[in-house]
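What's in run18.txt: compact mmCIF, C-alpha atoms and all ligand atoms
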```
# COMPACT_ATOMS: atom_id res chain seq x y z
CA MET A 245 -8.46 28.65 2.28
CA ILE A 246 -5.47 28.95 -0.03
CA GLY A 247 -5.29 26.25 -2.71
CA ILE A 248 -1.83 25.43 -4.00
CA PHE A 249 -1.05 23.08 -6.84
CA ASP A 250 1.79 21.56 -8.81
CA SER A 251 2.40 18.47 -10.90
CA GLY A 252 4.14 16.76 -7.97
CA VAL A 253 6.36 17.53 -5.00
CA GLY A 254 7.83 20.73 -6.49
CA GLY A 255 5.01 22.95 -5.23
CA LEU A 256 5.89 21.95 -1.68
CA THR A 257 8.94 24.22 -1.99
CA VAL A 258 6.42 27.05 -2.41
CA VAL A 259 4.35 25.77 0.54
CA LYS A 260 7.52 25.88 2.60
CA GLU A 261 8.12 29.54 1.71
CA ILE A 262 4.48 30.43 2.42
CA LYS A 263 4.57 28.68 5.77
CA LYS A 264 7.79 30.46 6.63
CA ALA A 265 6.13 33.81 5.92
CA MET A 266 2.66 32.92 7.24
CA PRO A 267 2.82 29.88 9.55
CA LYS A 268 -0.94 29.82 10.16
CA ALA A 269 -2.06 30.28 6.56
CA PRO A 270 -4.70 27.61 5.89
CA ILE A 271 -3.75 25.63 2.81
CA VAL A 272 -5.01 22.81 0.62
CA TYR A 273 -2.28 21.28 -1.55
CA PHE A 274 -2.76 19.20 -4.66
CA GLY A 275 0.11 17.39 -6.43
CA ASP A 276 -0.85 15.80 -9.74
CA THR A 277 1.57 12.89 -9.31
CA ALA A 278 -0.41 10.52 -11.54
CA ARG A 279 0.04 12.84 -14.52
CA LEU A 280 3.49 14.31 -13.85
CA PRO A 281 5.55 15.67 -15.60
CA TYR A 282 3.75 18.72 -16.97
CA GLY A 283 6.93 20.20 -18.41
CA ASN A 284 6.83 18.15 -21.62
CA LYS A 285 3.07 18.42 -22.23
CA SER A 286 1.08 20.63 -24.62
CA GLN A 287 -0.73 23.80 -23.63
CA GLU A 288 -4.09 22.12 -24.19
CA THR A 289 -3.29 19.29 -21.79
CA ILE A 290 -1.77 21.55 -19.13
CA ARG A 291 -4.85 23.81 -19.25
CA LYS A 292 -7.18 20.82 -18.94
CA TYR A 293 -5.31 19.36 -15.96
CA SER A 294 -4.98 22.75 -14.25
CA SER A 295 -8.65 23.47 -14.67
CA GLU A 296 -9.62 20.09 -13.15
CA ILE A 297 -7.39 20.85 -10.17
CA VAL A 298 -8.88 24.33 -9.69
CA ASP A 299 -12.38 22.77 -9.71
CA PHE A 300 -11.22 20.40 -6.97
CA LEU A 301 -9.66 23.21 -4.91
CA LYS A 302 -12.84 25.26 -5.33
CA SER A 303 -14.81 22.33 -3.94
CA LYS A 304 -12.52 22.57 -0.90
CA ASN A 305 -13.53 26.22 -0.37
CA CYS A 306 -10.39 27.82 -1.72
CA GLN A 307 -10.89 31.40 -2.84
CA THR A 308 -7.20 31.99 -3.46
CA ILE A 309 -5.27 29.75 -5.83
CA ILE A 310 -1.52 29.58 -6.14
CA ILE A 311 -0.20 27.97 -9.28
CA ALA A 312 2.99 26.57 -7.71
CA CYS A 313 4.14 25.15 -11.02
CA ASN A 314 5.96 27.27 -13.59
CA SER A 315 4.80 25.12 -16.50
CA ALA A 316 1.14 25.60 -15.54
CA SER A 317 1.77 29.28 -14.74
CA ALA A 318 3.34 29.78 -18.17
CA LEU A 319 0.67 27.98 -20.16
CA ALA A 320 -2.52 28.19 -18.13
CA ALA A 321 -2.49 31.22 -15.77
CA ASP A 322 -4.30 33.66 -18.12
CA PHE A 323 -6.73 30.94 -19.14
CA LEU A 324 -7.55 30.12 -15.50
CA ARG A 325 -8.01 33.80 -14.58
CA GLU A 326 -10.48 34.18 -17.41
CA LYS A 327 -12.32 30.98 -16.57
CA TYR A 328 -12.51 31.67 -12.82
CA PRO A 329 -12.93 35.46 -12.39
CA GLU A 330 -14.31 34.85 -8.88
CA LEU A 331 -10.94 33.50 -7.63
CA ASN A 332 -7.69 35.29 -6.74
CA ILE A 333 -5.12 33.48 -8.83
CA TYR A 334 -1.39 33.95 -8.22
CA ASP A 335 1.32 32.37 -10.32
CA VAL A 336 5.01 31.72 -9.75
CA VAL A 337 6.12 33.11 -13.12
CA SER A 338 4.98 36.65 -12.28
CA SER A 339 6.64 36.49 -8.86
CA GLY A 340 9.80 34.92 -10.32
CA ALA A 341 10.12 37.62 -12.99
CA GLN A 342 9.72 40.30 -10.31
CA ALA A 343 12.29 38.68 -8.02
CA VAL A 344 14.96 38.27 -10.67
CA THR A 345 14.66 41.84 -11.99
CA GLU A 346 15.06 43.17 -8.46
CA ALA A 347 18.06 40.94 -7.74
CA THR A 348 20.26 41.55 -10.79
CA LYS A 349 23.00 44.18 -10.68
CA THR A 350 24.54 43.65 -14.12
CA ARG A 351 21.20 43.15 -15.92
CA ARG A 352 22.42 39.81 -17.28
CA ILE A 353 20.27 37.03 -15.98
CA GLY A 354 19.66 33.37 -16.59
CA VAL A 355 16.38 31.48 -16.31
CA ILE A 356 16.12 27.71 -16.20
CA GLY A 357 12.93 25.67 -16.32
CA THR A 358 11.07 22.85 -18.01
CA ALA A 359 10.80 22.71 -21.80
CA ALA A 360 7.17 23.91 -21.57
CA THR A 361 8.12 27.00 -19.53
CA ILE A 362 11.21 27.92 -21.54
CA ASN A 363 9.62 27.33 -24.95
CA SER A 364 6.60 29.45 -23.99
CA GLY A 365 8.90 32.51 -23.87
CA VAL A 366 6.92 33.75 -20.88
CA TYR A 367 9.91 34.77 -18.74
CA LYS A 368 11.54 36.80 -21.52
CA LYS A 369 8.20 38.56 -22.10
CA LYS A 370 7.45 39.27 -18.42
CA ILE A 371 10.99 40.43 -17.64
CA ALA A 372 11.01 42.73 -20.71
CA GLU A 373 7.74 44.26 -19.46
CA ILE A 374 9.45 45.13 -16.16
CA ASP A 375 12.84 46.19 -17.56
CA PRO A 376 13.48 45.91 -21.33
CA LYS A 377 17.22 46.48 -20.82
CA ILE A 378 17.72 43.17 -19.02
CA GLU A 379 19.49 40.48 -21.06
CA VAL A 380 17.72 37.17 -20.45
CA HIS A 381 19.45 33.87 -21.23
CA VAL A 382 17.34 30.75 -20.91
CA GLN A 383 17.94 27.03 -20.68
CA ALA A 384 15.50 24.14 -20.46
CA CYS A 385 16.64 21.42 -18.03
CA PRO A 386 14.16 18.55 -18.63
CA LEU A 387 16.08 15.97 -16.61
CA PHE A 388 15.98 17.98 -13.38
CA VAL A 389 12.34 17.15 -12.51
CA PRO A 390 12.75 13.35 -12.71
CA LEU A 391 16.01 13.63 -10.74
CA VAL A 392 14.19 15.49 -7.96
CA GLU A 393 11.22 13.13 -8.02
CA GLU A 394 13.72 10.25 -7.66
CA ASN A 395 15.43 12.14 -4.81
CA TRP A 396 18.76 12.03 -6.68
CA ILE A 397 19.65 15.31 -5.08
CA ARG A 398 23.25 14.82 -4.04
CA ARG A 399 24.30 12.24 -6.64
CA PRO A 400 27.43 12.81 -8.75
CA GLU A 401 25.35 12.04 -11.86
CA THR A 402 23.08 14.97 -11.02
CA LYS A 403 26.04 17.33 -10.78
CA LYS A 404 27.33 16.13 -14.15
CA ILE A 405 23.95 16.79 -15.75
CA ALA A 406 23.78 20.22 -14.07
CA ARG A 407 27.23 21.08 -15.47
CA ALA A 408 26.11 20.16 -18.97
CA TYR A 409 22.89 22.19 -18.76
CA LEU A 410 24.45 25.24 -17.12
CA ARG A 411 27.63 25.53 -19.21
CA GLY A 412 26.08 28.04 -21.66
CA LEU A 413 24.69 30.26 -18.90
CA LYS A 414 28.05 30.30 -17.14
CA LEU A 415 29.72 31.47 -20.35
CA LYS A 416 27.17 34.29 -20.58
CA LYS A 417 28.33 35.45 -17.13
CA VAL A 418 24.85 35.91 -15.71
CA ASP A 419 24.91 37.47 -12.23
CA THR A 420 21.51 36.04 -11.22
CA LEU A 421 19.96 32.69 -12.05
CA LEU A 422 16.24 32.18 -11.59
CA LEU A 423 15.03 28.68 -10.82
CA GLY A 424 11.95 28.81 -13.05
CA CYS A 425 10.59 25.47 -11.90
CA THR A 426 9.37 24.75 -8.41
CA HIS A 427 11.20 21.42 -8.33
CA TYR A 428 14.58 23.10 -8.78
CA PRO A 429 15.02 24.65 -5.28
CA LEU A 430 15.69 21.08 -4.16
CA LEU A 431 18.75 21.13 -6.42
CA GLU A 432 19.78 24.62 -5.36
CA LYS A 433 22.98 23.50 -3.69
CA VAL A 434 24.24 21.62 -6.75
CA ILE A 435 23.15 24.41 -9.10
CA SER A 436 24.89 27.07 -6.97
CA GLU A 437 28.07 25.01 -6.80
CA VAL A 438 28.10 24.63 -10.58
CA MET A 439 27.34 28.31 -11.26
CA GLY A 440 29.96 29.54 -8.81
CA LYS A 441 29.98 32.19 -6.11
CA ARG A 442 29.42 35.15 -8.41
CA THR A 443 25.95 34.03 -9.46
CA LYS A 444 23.03 34.56 -7.12
CA VAL A 445 20.48 31.75 -7.36
CA ILE A 446 16.86 32.58 -6.55
CA ALA A 447 13.64 30.56 -6.50
CA SER A 448 10.46 31.58 -8.35
CA GLY A 449 8.23 31.11 -5.27
CA GLU A 450 10.14 33.29 -2.79
CA LYS A 451 8.59 36.60 -3.80
CA LEU A 452 5.14 35.06 -3.99
CA ALA A 453 5.14 34.23 -0.29
CA GLU A 454 6.21 37.80 0.48
CA PHE A 455 3.48 39.24 -1.72
CA LEU A 456 0.83 36.96 -0.28
CA LYS A 457 1.78 38.06 3.20
CA LYS A 458 1.11 41.67 2.25
CA THR A 459 -2.31 40.94 0.78
CA HIS A 460 -3.65 38.22 3.08
CA LEU A 461 -4.73 38.48 6.66
CA GLU A 462 -3.47 35.56 8.64
CA THR A 463 -5.90 33.75 10.91
CA LYS A 464 -5.14 33.55 14.60
CA PHE A 465 -5.77 29.82 14.77
CA PRO A 466 -3.43 27.07 13.64
CA SER A 467 -4.67 25.81 10.29
CA ASN A 468 -5.88 22.37 9.42
CA ASP A 469 -3.89 21.92 6.24
CA GLU A 470 -4.83 19.24 3.75
CA TYR A 471 -2.56 17.53 1.25
CA PHE A 472 -3.84 15.60 -1.77
CA VAL A 473 -2.20 13.81 -4.67
CA SER A 474 -3.57 11.94 -7.69
CA ASP A 475 -1.27 8.97 -7.00
CA LEU A 476 0.19 8.15 -3.61
CA THR A 477 3.33 6.12 -3.00
CA PRO A 478 5.50 5.69 0.12
CA HIS A 479 8.29 7.35 -1.87
CA PHE A 480 6.19 10.51 -2.32
CA GLU A 481 5.28 10.59 1.38
CA LYS A 482 8.93 10.32 2.34
CA LEU A 483 10.01 13.04 -0.07
CA ALA A 484 7.19 15.37 0.98
CA GLY A 485 8.15 14.92 4.65
CA LYS A 486 11.77 15.67 3.81
CA ILE A 487 10.90 18.87 1.94
CA LEU A 488 8.55 20.20 4.63
CA GLY A 489 10.68 18.97 7.51
CA LYS A 490 7.75 17.15 9.12
CA ASP A 491 5.47 14.21 8.44
CA ILE A 492 2.18 15.14 6.83
CA LYS A 493 -0.98 13.21 6.16
CA ILE A 494 -1.48 12.87 2.40
CA ARG A 495 -4.64 11.59 0.77
CA LYS A 496 -5.14 10.22 -2.70
CA VAL A 497 -7.93 11.67 -4.80
CA MET A 498 -8.82 10.86 -8.42
CA LEU A 499 -9.98 13.89 -10.39
N1 LIG A 501 7.26 21.93 -10.84
C1 LIG A 501 6.82 22.19 -12.17
C2 LIG A 501 7.26 23.54 -12.68
O1 LIG A 501 7.48 24.40 -11.88
C3 LIG A 501 7.16 21.24 -13.25
C4 LIG A 501 7.39 19.88 -13.12
C5 LIG A 501 6.88 19.08 -14.27
O2 LIG A 501 7.49 19.07 -15.36
O3 LIG A 501 5.86 18.47 -14.05
O4 LIG A 501 7.32 23.76 -13.87
```
Would you write out, as structure tokens, the structure that this file holds?
Ligand code: DGL
Amino acid sequence: MIGIFDSGVGGLTVVKEIKKAMPKAPIVYFGDTARLPYGNKSQETIRKYSSEIVDFLKSKNCQTIIIACNSASALAADFLREKYPELNIYDVVSSGAQAVTEATKTRRIGVIGTAATINSGVYKKKIAEIDPKIEVHVQACPLFVPLVEENWIRRPETKKIARAYLRGLKLKKVDTLLLGCTHYPLLEKVISEVMGKRTKVIASGEKLAEFLKKTHLETKFPSNDEYFVSDLTPHFEKLAGKILGKDIKIRKVML
């Protein structure tokens, strides 16, 4: 089983990519909706929450874990790998850094994410490890996660906020913009419109699905996927169904 987790609905954008690449991959999803957002929390708290989730996913027989949250990837991935050496742990920051370095032509890129991800400096570090000549411009966009969770995806207010956040990156003339938060692909249209045609927008989870496909054997049988959250509301169910393009059964579990 492949365990996938995020603070809320954002990780479902990664599930979508994985299911596109491997439709029968058996997954268990956990969205920590009761404790969202992670993006403004401390490293200590994010590590504690992530570790509780991994314990839960382990209890569901997951041997592979995908941290489908950039904030948890930035602040807890190394910690989790050390704590659980028996598990294969993938994170969206490593795959995002790989994707953006492959996509840029001018070596001028932008990365947007939560305050936790951007302030951790993890993207600048990982990208420099791959290609030190790449210029990385970053911007935290803390209002994007609540806008997505509220499903304010096509609202004029959202576009106004996107313009304000992205102004600096536009001036830097980045040719590629990495969405360093798994909630942001839901705002991709607005973000692309604001950045303009010359900027390629890519999601941090895309490459991960590709990589997983290379390393995982897919089962022949349709999987019995399970979806869990720490707080369940009709709003979440509706949003999850919209993201995945189908209705799913979601169960509430207290960690
Ligand atoms: N989706 C998460 C990420 O990729 C963050 C959302 C949050 O702030 O909880 O960083």
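Environment of ligand LIG 501 (chain A), defined as every protein or nucleic acid residue with an atom within 7 Å of it and counting all atoms listed in the file, comprises Asp250, Ser251, Gly252, Gly254, Gly255, Leu280, Pro281, Tyr282, Gly283, Asn284, Ala312, Cys313, Asn314, Ser315, Ala316, Gly357, Thr358, Thr361, Val389, Gly424, Cys425, Thr426 and His427 of chain A.
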Can you spit out the residues from that selection as a CSV table (one decimal), in the frame of the given file, using C-alpha atoms?
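Saved result, selection09.csv, follows:
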```
chain,number,residue,atom,x,y,z
A,250,ASP,CA,1.8,21.6,-8.8
A,251,SER,CA,2.4,18.5,-10.9
A,252,GLY,CA,4.1,16.8,-8.0
A,254,GLY,CA,7.8,20.7,-6.5
A,255,GLY,CA,5.0,23.0,-5.2
A,280,LEU,CA,3.5,14.3,-13.8
A,281,PRO,CA,5.6,15.7,-15.6
A,282,TYR,CA,3.8,18.7,-17.0
A,283,GLY,CA,6.9,20.2,-18.4
A,284,ASN,CA,6.8,18.2,-21.6
A,312,ALA,CA,3.0,26.6,-7.7
A,313,CYS,CA,4.1,25.2,-11.0
A,314,ASN,CA,6.0,27.3,-13.6
A,315,SER,CA,4.8,25.1,-16.5
A,316,ALA,CA,1.1,25.6,-15.5
A,357,GLY,CA,12.9,25.7,-16.3
A,358,THR,CA,11.1,22.8,-18.0
A,361,THR,CA,8.1,27.0,-19.5
A,389,VAL,CA,12.3,17.2,-12.5
A,424,GLY,CA,12.0,28.8,-13.0
A,425,CYS,CA,10.6,25.5,-11.9
A,426,THR,CA,9.4,24.8,-8.4
A,427,HIS,CA,11.2,21.4,-8.3
```
Quick one: of A:Asp475, A:Glu393, A:Glu296, A:Glu432, who's nearest to A:Arg279, counting only C-alpha atoms?
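So, comparing all the options, the nearest one is A:Asp475.
Note that the spacing between atom CA of A:Ala372 and atom CA of A:Lys414 amounts to 21.4 Å.
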Between A:Pro329, A:Gly340, A:Gly247, A:Pro267, single out the one closest to A:Lys302, counting all atoms listed in the file.
A:Gly247
Where is the centre and how long are the edges: axis-aligned box on stretch 395-404 of chain A, 4 Å on each side, Å to one decimal, as AutoDock Vina command-line options:
```
--center_x 21.4 --center_y 14.7 --center_z -9.1 --size_x 20.0 --size_y 13.3 --size_z 18.1
```
Which one is closest to A:Leu488: A:Ile248, A:Lys264, A:Arg399, A:Ile271? Count only C-alpha atoms.
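So, comparing all the options, the nearest one is A:Lys264.
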Counting all atoms listed in the file, which of A:Ser339, A:Phe472, A:Pro270, A:Ile297 gets nearest to A:Ala453?
A:Ser339
Compare A:Val298, A:Leu483, A:Val366, A:Ala321 by their minimum atom-to-atom distance to A:Leu499, counting only C-alpha atoms, and give me the closest one.
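Ranking A:Val298, A:Leu483, A:Val366, A:Ala321 by distance to A:Leu499, first place goes to A:Val298.
In this structure, atom CA of A:Ile362 sits 20.5 Å away from atom CA of A:Glu346.
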Choose the residue, out of A:Cys385, A:Val497, A:Val337, A:Leu456, that has the smallest atom-to-atom separation from A:Ala318; count only C-alpha atoms.
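Among A:Cys385, A:Val497, A:Val337, A:Leu456, it is A:Val337 that comes nearest to A:Ala318.
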Record the distance separating atom CA of A:His381 and atom CA of A:Gly354, expressed in Å with one decimal.
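Interatomic distance here is 4.7 Å.
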For A:Lys444, please output as a ChimeraX atom specification all residues within 10 Å (counting all atoms listed in the file; exclusion window: fewer than 2 positions along the same chain).
/A:344,347-348,353,418-422,436,439-442,446
